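Participant: Right, I'll just put the structure down here and ask away after.
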Amino acid sequence: MVSKTDSGKTYRNECTGHALETVKSHTEDQDLTLFGSCFCPFVQRVWVSFEYLQIQYKYYEVDPYKKPKDLLEVSPKGLVPGLKLNNFHPPRALNESTVILEYINDLAVTSNGRSLLPPTTNPYARALVRLQCDHVNRSLVPSFYRYLQAQDQDSQINGGKEFHESIEGLVELLERTEKEVVRIDGVSGAGERKALAVGLGLWIPENEEDLGLVDVMAGPWLYRATNVLKQYRGFELPRGEKFDRWTSKLFNHPSFKRTCNTEDLYLDSYERYAFNRLNTSQVANAVNSGRGLP
Ligand SMILES: N[C@@H](CCC(=O)N[C@@H](CS)C(=O)NCC(=O)O)C(=O)O
C-alpha cells in the first residue's frame with residue numbers, strides 16, 4: 001500500500017542485513033577507507049565496486065548531515081562517499097562517487113586485472129558505456145528524486161512518467177551497445193561474443209556474473225525503485241523478459257547483495273524525501289530549487 005502520512009521517521013546510521021555483515025568484515029585499517037552512509041546510493045555504487053574489484057578497504061560509517069570534521073577533510077561539501085588514501089603522508093583523499101569509482105577501477109586494473117570497463121583496446125565500447133553512465137547521472141538519478149519528492153498528484157504522475165522514460169532511455173543505450181559491440185556482422189561464435197562483451201555488464205546475455213560500470217552506476221537507484229518508490233509512489237519497474245533478467249542478475253549479484261540493507265532501512269531513510277520535508281539534504285534542496293545535483 002502507498003504510504004500517505006508522514007510518520008516522522010528519519011534516516012538510519014547503522015547498516016542492517018547483508019550490508020551489516022560486510023561492514024563487520026571491513027573494520028580493520030587498510031590503505032583505503034571508504035566513508036559511507038548505510039542508506040546512500042552514491043556510496044553503494046562505490047561499495048559494490050570495492051567488493052567486485054576485490055580491492056581491500058575499511059568501511060567507516062559517518063553521518064553526512066552532521067558534517068563531522070573527518071568527513072569534511074576527505075569530502076569538501078561533506079558528502080558521502082569519501083575516500084581516504086592512508087598510505088600517503090599526509091593522507092590524501094578523493095570524493096565524488098564517479099571519480100572514486102574510476103580511481104578504484106584503475107587500481108584494480110593494475111593490481112589484479114579486474115575491471116568494470118571494456119579494455120582500452122576497444123575505445124568505442126568504453127565510450128558507449130560512458131554514454132550510458134552520463135544518462136544515469138543526468139537523467140535517471142535526478143528524475144528518481146524529482147518523482148520521490150513530488151507532492152501533488154499531477155507532479156507525481158509526471159514524475160513517474162519521467163522516471164519511466166529515463167529507464168527506457170537507458171535501455172535504448174544498452175541495446176545500442178549490445179548491437180554495435182557484440183552482435184556485429186561476421187561474429188557468431190560464443191567465445192568471440194563473450195570476449196566482445198567484456199566490461200559491458202549484466203545487460204548482455206553473455207555476461208552472467210561480470211558486472212559493468214553501468215550496473216554499479218544505476219543499480220542503487222533501480223533497487224530503491226523496487227522498495228522506496230514502490231512504497232511511497234506505487235511505482236513498478238517496467239516489465240519485459242530482458243529487463244527482468246538484467247535487474248534480477250544485478251540485484252542478486254553477490255557483490256551487490258553484500259551492500260544491501262534490509263528494506264525497512266530504506267523505507268525509513270527515504271520518508272523525509274517522500275514527504276519533501278524541509279532541508280532534507282543537499283540533493284533534495286537542489287531538486288526543489290531546480291538546480292543540478294551536488
Ligand atoms: N555527487 C555526489 C553526491 C553524493 C551525495 O549527495 N551524498 C548524500 C548522501 S546520499 C550526502 O552526503 N548528503 C549530505 C547532505 O545533503 O548534506 C557523489 O556522486 O558522490
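Chains: A, B, ... in order of the C-alpha cells. Residues: from 1 per chain. Ligands: from 1, in order shown.
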Would you mind listing the residues within 9 Å of ligand 1, counting only C-alpha atoms and all ligand atoms, as a ChimeraX atom specification?
Facilitator: /A:36-43,45,63-67,77-82,95-100,137,279-285,293-294
Participant: Kindly save the residues from that selection, with N, CA, C and O atoms included, as a short mmCIF file (atom, residue, chain, number, x, y, z; two decimals), in the first residue's frame.
Facilitator:
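Below is the file result-v2.cif, written as the result:
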```cif
data_model
loop_
_atom_site.label_atom_id
_atom_site.label_comp_id
_atom_site.auth_asym_id
_atom_site.auth_seq_id
_atom_site.Cartn_x
_atom_site.Cartn_y
_atom_site.Cartn_z
N GLY A 36 31.24 6.09 4.38
CA GLY A 36 29.94 5.79 3.80
C GLY A 36 28.79 6.04 4.75
O GLY A 36 28.98 6.27 5.95
N SER A 37 27.60 6.01 4.20
CA SER A 37 26.36 6.06 5.00
C SER A 37 25.46 4.97 4.46
O SER A 37 25.31 4.82 3.24
N CYS A 38 24.86 4.24 5.40
CA CYS A 38 24.19 2.99 5.03
C CYS A 38 23.11 3.14 3.97
O CYS A 38 22.93 2.25 3.13
N PHE A 39 22.38 4.25 3.96
CA PHE A 39 21.23 4.40 3.06
C PHE A 39 21.62 4.95 1.69
O PHE A 39 20.82 4.96 0.77
N CYS A 40 22.87 5.42 1.56
CA CYS A 40 23.21 6.29 0.42
C CYS A 40 23.52 5.51 -0.87
O CYS A 40 24.42 4.68 -0.92
N PRO A 41 22.80 5.83 -1.94
CA PRO A 41 23.02 5.13 -3.21
C PRO A 41 24.34 5.50 -3.88
O PRO A 41 24.93 4.68 -4.60
N PHE A 42 24.81 6.73 -3.64
CA PHE A 42 26.10 7.14 -4.23
C PHE A 42 27.22 6.33 -3.57
O PHE A 42 28.18 5.93 -4.22
N VAL A 43 27.07 6.06 -2.28
CA VAL A 43 28.04 5.20 -1.57
C VAL A 43 27.94 3.78 -2.09
O VAL A 43 28.96 3.11 -2.34
N ARG A 45 27.25 2.63 -4.94
CA ARG A 45 27.98 2.47 -6.21
C ARG A 45 29.43 2.07 -5.97
O ARG A 45 29.96 1.15 -6.58
N ASP A 63 27.76 10.21 9.52
CA ASP A 63 26.50 10.91 9.29
C ASP A 63 26.81 12.16 8.48
O ASP A 63 27.34 13.13 9.01
N PRO A 64 26.47 12.15 7.18
CA PRO A 64 26.88 13.27 6.33
C PRO A 64 26.11 14.55 6.62
O PRO A 64 26.51 15.63 6.18
N TYR A 65 25.00 14.43 7.33
CA TYR A 65 24.22 15.65 7.64
C TYR A 65 24.80 16.38 8.85
O TYR A 65 24.58 17.56 9.03
N LYS A 66 25.58 15.65 9.64
CA LYS A 66 26.21 16.29 10.81
C LYS A 66 27.56 16.88 10.45
O LYS A 66 28.18 17.57 11.26
N LYS A 67 28.05 16.58 9.27
CA LYS A 67 29.33 17.12 8.77
C LYS A 67 30.49 16.98 9.76
O LYS A 67 31.10 17.99 10.17
N LYS A 77 32.39 19.15 0.53
CA LYS A 77 31.00 19.55 0.81
C LYS A 77 30.37 18.68 1.90
O LYS A 77 29.18 18.77 2.16
N GLY A 78 31.17 17.78 2.45
CA GLY A 78 30.65 16.89 3.49
C GLY A 78 29.68 15.86 2.93
O GLY A 78 28.78 15.40 3.62
N LEU A 79 29.88 15.50 1.64
CA LEU A 79 29.01 14.48 1.03
C LEU A 79 29.71 13.12 1.08
O LEU A 79 30.93 13.05 0.94
N VAL A 80 28.91 12.08 1.26
CA VAL A 80 29.44 10.72 1.10
C VAL A 80 29.10 10.23 -0.29
O VAL A 80 28.08 10.66 -0.85
N PRO A 81 29.91 9.38 -0.91
CA PRO A 81 31.11 8.76 -0.36
C PRO A 81 32.32 9.69 -0.37
O PRO A 81 32.42 10.61 -1.15
N GLY A 82 33.24 9.38 0.58
CA GLY A 82 34.56 9.97 0.57
C GLY A 82 35.55 8.83 0.63
O GLY A 82 35.23 7.73 1.12
N ASN A 95 36.76 12.51 -3.42
CA ASN A 95 35.31 12.49 -3.23
C ASN A 95 34.66 12.38 -4.59
O ASN A 95 35.35 12.29 -5.60
N GLU A 96 33.34 12.37 -4.63
CA GLU A 96 32.52 12.19 -5.83
C GLU A 96 32.51 10.71 -6.25
O GLU A 96 33.55 10.16 -6.66
N SER A 97 31.34 10.12 -6.16
CA SER A 97 31.22 8.68 -6.42
C SER A 97 31.83 8.25 -7.76
O SER A 97 32.55 7.25 -7.83
N THR A 98 31.57 9.03 -8.83
CA THR A 98 32.05 8.58 -10.14
C THR A 98 33.58 8.66 -10.23
O THR A 98 34.21 7.81 -10.88
N VAL A 99 34.14 9.66 -9.56
CA VAL A 99 35.60 9.80 -9.57
C VAL A 99 36.25 8.67 -8.77
O VAL A 99 37.23 8.05 -9.20
N ILE A 100 35.67 8.39 -7.61
CA ILE A 100 36.20 7.30 -6.78
C ILE A 100 36.10 5.97 -7.52
O ILE A 100 37.02 5.15 -7.50
N ASN A 137 23.56 9.62 -14.71
CA ASN A 137 23.79 10.78 -13.84
C ASN A 137 22.91 11.97 -14.17
O ASN A 137 22.49 12.69 -13.28
N ASN A 279 14.70 21.02 4.13
CA ASN A 279 16.13 20.77 4.37
C ASN A 279 16.49 19.30 4.58
O ASN A 279 17.28 18.98 5.45
N THR A 280 15.88 18.45 3.77
CA THR A 280 16.19 17.03 3.88
C THR A 280 17.64 16.75 3.57
O THR A 280 18.31 16.00 4.27
N SER A 281 18.15 17.35 2.49
CA SER A 281 19.54 17.10 2.11
C SER A 281 19.93 18.08 1.00
O SER A 281 19.07 18.78 0.45
N GLN A 282 21.20 18.09 0.66
CA GLN A 282 21.64 18.95 -0.44
C GLN A 282 21.00 18.51 -1.75
O GLN A 282 20.65 19.33 -2.59
N VAL A 283 20.84 17.20 -1.93
CA VAL A 283 20.19 16.69 -3.14
C VAL A 283 18.74 17.18 -3.19
O VAL A 283 18.27 17.72 -4.22
N ALA A 284 18.02 17.02 -2.08
CA ALA A 284 16.60 17.42 -2.06
C ALA A 284 16.46 18.92 -2.30
O ALA A 284 15.57 19.37 -3.03
N ASN A 285 17.35 19.71 -1.70
CA ASN A 285 17.28 21.17 -1.89
C ASN A 285 17.54 21.53 -3.35
O ASN A 285 16.89 22.43 -3.90
N LEU A 293 22.20 18.51 -9.35
CA LEU A 293 22.51 17.83 -8.08
C LEU A 293 23.94 18.12 -7.64
O LEU A 293 24.81 18.32 -8.49
N PRO A 294 24.15 18.13 -6.32
CA PRO A 294 25.52 18.41 -5.83
C PRO A 294 26.48 17.28 -6.16
O PRO A 294 26.07 16.15 -6.33
#
```
Participant: Just the residues within 9 Å of A:Tyr59, please, counting only C-alpha atoms, with nothing from its chain fewer than 4 positions along; format it as an MDAnalysis selection string.
Facilitator: chainID A and resid 22:28 32:36 47
Participant: Can you write just those residues out, N, CA, C and O atoms, as a PDB file, in the first residue's frame?
Facilitator:
```pdb
ATOM      1  N   THR A  22      28.865  -7.242   5.939  1.00  0.00           N
ATOM      2  CA  THR A  22      30.017  -6.756   5.165  1.00  0.00           C
ATOM      3  C   THR A  22      30.790  -5.711   5.964  1.00  0.00           C
ATOM      4  O   THR A  22      32.028  -5.715   5.982  1.00  0.00           O
ATOM      5  N   VAL A  23      30.066  -4.822   6.639  1.00  0.00           N
ATOM      6  CA  VAL A  23      30.738  -3.813   7.466  1.00  0.00           C
ATOM      7  C   VAL A  23      31.603  -4.504   8.519  1.00  0.00           C
ATOM      8  O   VAL A  23      32.769  -4.144   8.726  1.00  0.00           O
ATOM      9  N   LYS A  24      31.021  -5.521   9.153  1.00  0.00           N
ATOM     10  CA  LYS A  24      31.743  -6.210  10.240  1.00  0.00           C
ATOM     11  C   LYS A  24      33.031  -6.851   9.745  1.00  0.00           C
ATOM     12  O   LYS A  24      33.973  -7.011  10.518  1.00  0.00           O
ATOM     13  N   SER A  25      33.062  -7.234   8.485  1.00  0.00           N
ATOM     14  CA  SER A  25      34.303  -7.849   7.996  1.00  0.00           C
ATOM     15  C   SER A  25      35.248  -6.815   7.355  1.00  0.00           C
ATOM     16  O   SER A  25      36.233  -7.192   6.726  1.00  0.00           O
ATOM     17  N   HIS A  26      34.927  -5.534   7.508  1.00  0.00           N
ATOM     18  CA  HIS A  26      35.806  -4.482   6.959  1.00  0.00           C
ATOM     19  C   HIS A  26      36.055  -3.381   7.986  1.00  0.00           C
ATOM     20  O   HIS A  26      35.889  -2.193   7.677  1.00  0.00           O
ATOM     21  N   THR A  27      36.432  -3.803   9.183  1.00  0.00           N
ATOM     22  CA  THR A  27      36.665  -2.813  10.238  1.00  0.00           C
ATOM     23  C   THR A  27      38.162  -2.568  10.472  1.00  0.00           C
ATOM     24  O   THR A  27      38.537  -1.670  11.216  1.00  0.00           O
ATOM     25  N   GLU A  28      38.992  -3.410   9.860  1.00  0.00           N
ATOM     26  CA  GLU A  28      40.438  -3.253  10.083  1.00  0.00           C
ATOM     27  C   GLU A  28      41.028  -2.163   9.215  1.00  0.00           C
ATOM     28  O   GLU A  28      40.587  -1.967   8.073  1.00  0.00           O
ATOM     29  N   LEU A  32      42.984   2.082   2.114  1.00  0.00           N
ATOM     30  CA  LEU A  32      41.841   2.900   1.693  1.00  0.00           C
ATOM     31  C   LEU A  32      40.711   2.807   2.713  1.00  0.00           C
ATOM     32  O   LEU A  32      40.359   1.705   3.143  1.00  0.00           O
ATOM     33  N   THR A  33      40.172   3.971   3.077  1.00  0.00           N
ATOM     34  CA  THR A  33      38.997   3.975   3.954  1.00  0.00           C
ATOM     35  C   THR A  33      37.824   4.577   3.195  1.00  0.00           C
ATOM     36  O   THR A  33      37.919   5.709   2.692  1.00  0.00           O
ATOM     37  N   LEU A  34      36.745   3.820   3.109  1.00  0.00           N
ATOM     38  CA  LEU A  34      35.534   4.322   2.463  1.00  0.00           C
ATOM     39  C   LEU A  34      34.644   4.958   3.527  1.00  0.00           C
ATOM     40  O   LEU A  34      34.199   4.283   4.451  1.00  0.00           O
ATOM     41  N   PHE A  35      34.420   6.267   3.389  1.00  0.00           N
ATOM     42  CA  PHE A  35      33.492   6.973   4.271  1.00  0.00           C
ATOM     43  C   PHE A  35      32.099   6.800   3.667  1.00  0.00           C
ATOM     44  O   PHE A  35      31.838   7.298   2.570  1.00  0.00           O
ATOM     45  N   GLY A  36      31.242   6.093   4.382  1.00  0.00           N
ATOM     46  CA  GLY A  36      29.939   5.790   3.798  1.00  0.00           C
ATOM     47  C   GLY A  36      28.789   6.042   4.754  1.00  0.00           C
ATOM     48  O   GLY A  36      28.982   6.275   5.954  1.00  0.00           O
ATOM     49  N   TRP A  47      30.779   1.087  -3.090  1.00  0.00           N
ATOM     50  CA  TRP A  47      30.908  -0.073  -2.205  1.00  0.00           C
ATOM     51  C   TRP A  47      30.807  -1.385  -3.003  1.00  0.00           C
ATOM     52  O   TRP A  47      31.632  -2.295  -2.845  1.00  0.00           O
TER      53      TRP A  47
END
```
Participant: Show which residues sit within 8 Å of A:Tyr11, as a PDB file with C-alpha atoms, in the first residue's frame. Count only C-alpha atoms, and ignore same-chain residues fewer than 5 positions away.
Facilitator:
```
ATOM      1  CA  PHE A  39      21.233   4.396   3.057  1.00  0.00           C
ATOM      2  CA  LEU A 265      16.176   0.796   6.496  1.00  0.00           C
ATOM      3  CA  ASP A 268      12.665   4.785   6.981  1.00  0.00           C
ATOM      4  CA  SER A 269      15.588   6.659   5.478  1.00  0.00           C
ATOM      5  CA  TYR A 270      13.619   7.927   2.464  1.00  0.00           C
ATOM      6  CA  ARG A 272      11.838  12.535   4.523  1.00  0.00           C
TER       7      ARG A 272
END
```
Participant: Do you know which residues are at most 9 Å from stretch 207-212 of chain A counting only C-alpha atoms, after dropping those on the same chain fewer than 3 positions away, and could you put them as an MDAnalysis selection string?
Facilitator: chainID A and resid 49 52 115:118 129 194 197:204 215:217 249:250 253:255
Participant: Within 8 Å of stretch 173-187 of chain A, counting only C-alpha atoms, which residues show up once you throw out same-chain ones fewer than 2 positions away? Write them as a PyMOL selection string, please.
Facilitator: chain A and resi 125+128-129+131-132+169-171+189+192-193+196-197+203-204
Participant: Tell me which of A:Ser3, A:Val74, A:Leu148, A:Lys242 sits closest to A:Val287, counting only C-alpha atoms.
Facilitator: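 Looking at the shortest contact to A:Val287, the residue is A:Leu148.
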Participant: Rank nothing, just name the residue among A:Asp154, A:Asn122, A:Gly290, A:Phe275 nearest to A:Asp6, using only C-alpha atoms.
Facilitator: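 Comparing A:Asp154, A:Asn122, A:Gly290, A:Phe275 against A:Asp6, the winner is A:Phe275.
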Participant: Pull the alpha helix (DSSP H) assignments for stretch 88-252 of chain A out of DSSP run on the backbone, and list those residues as a ChimeraX atom specification.
Facilitator: /A:97-111,123-135,141-149,153-177,190-196,213-224,230-233,241-251
Participant: Which residue, A:Lys69, A:His135, A:Arg233, A:Lys58, has the smallest gap to A:Tyr273 when you use only C-alpha atoms?
Facilitator: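 Distance minimum relative to A:Tyr273 lands on A:Arg233.
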Participant: For A:Gly219, which of A:Arg239, A:Lys9, A:Lys4, A:Lys257 is the closest residue, counting only C-alpha atoms?
Facilitator: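 Distance minimum relative to A:Gly219 lands on A:Lys257.
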Participant: Quick check, in Å to one decimal: how far apart do atom CA of A:Phe235 and atom CA of A:Glu21 lie?
Facilitator: 29.5 Å
Participant: Based on DSSP run over this structure's backbone, return all residues of stretch 31-240 of chain A in strand (DSSP E or B), as an NGL selection string.
Facilitator: :A and (32-36 or 58-61 or 82-85 or 92-95)
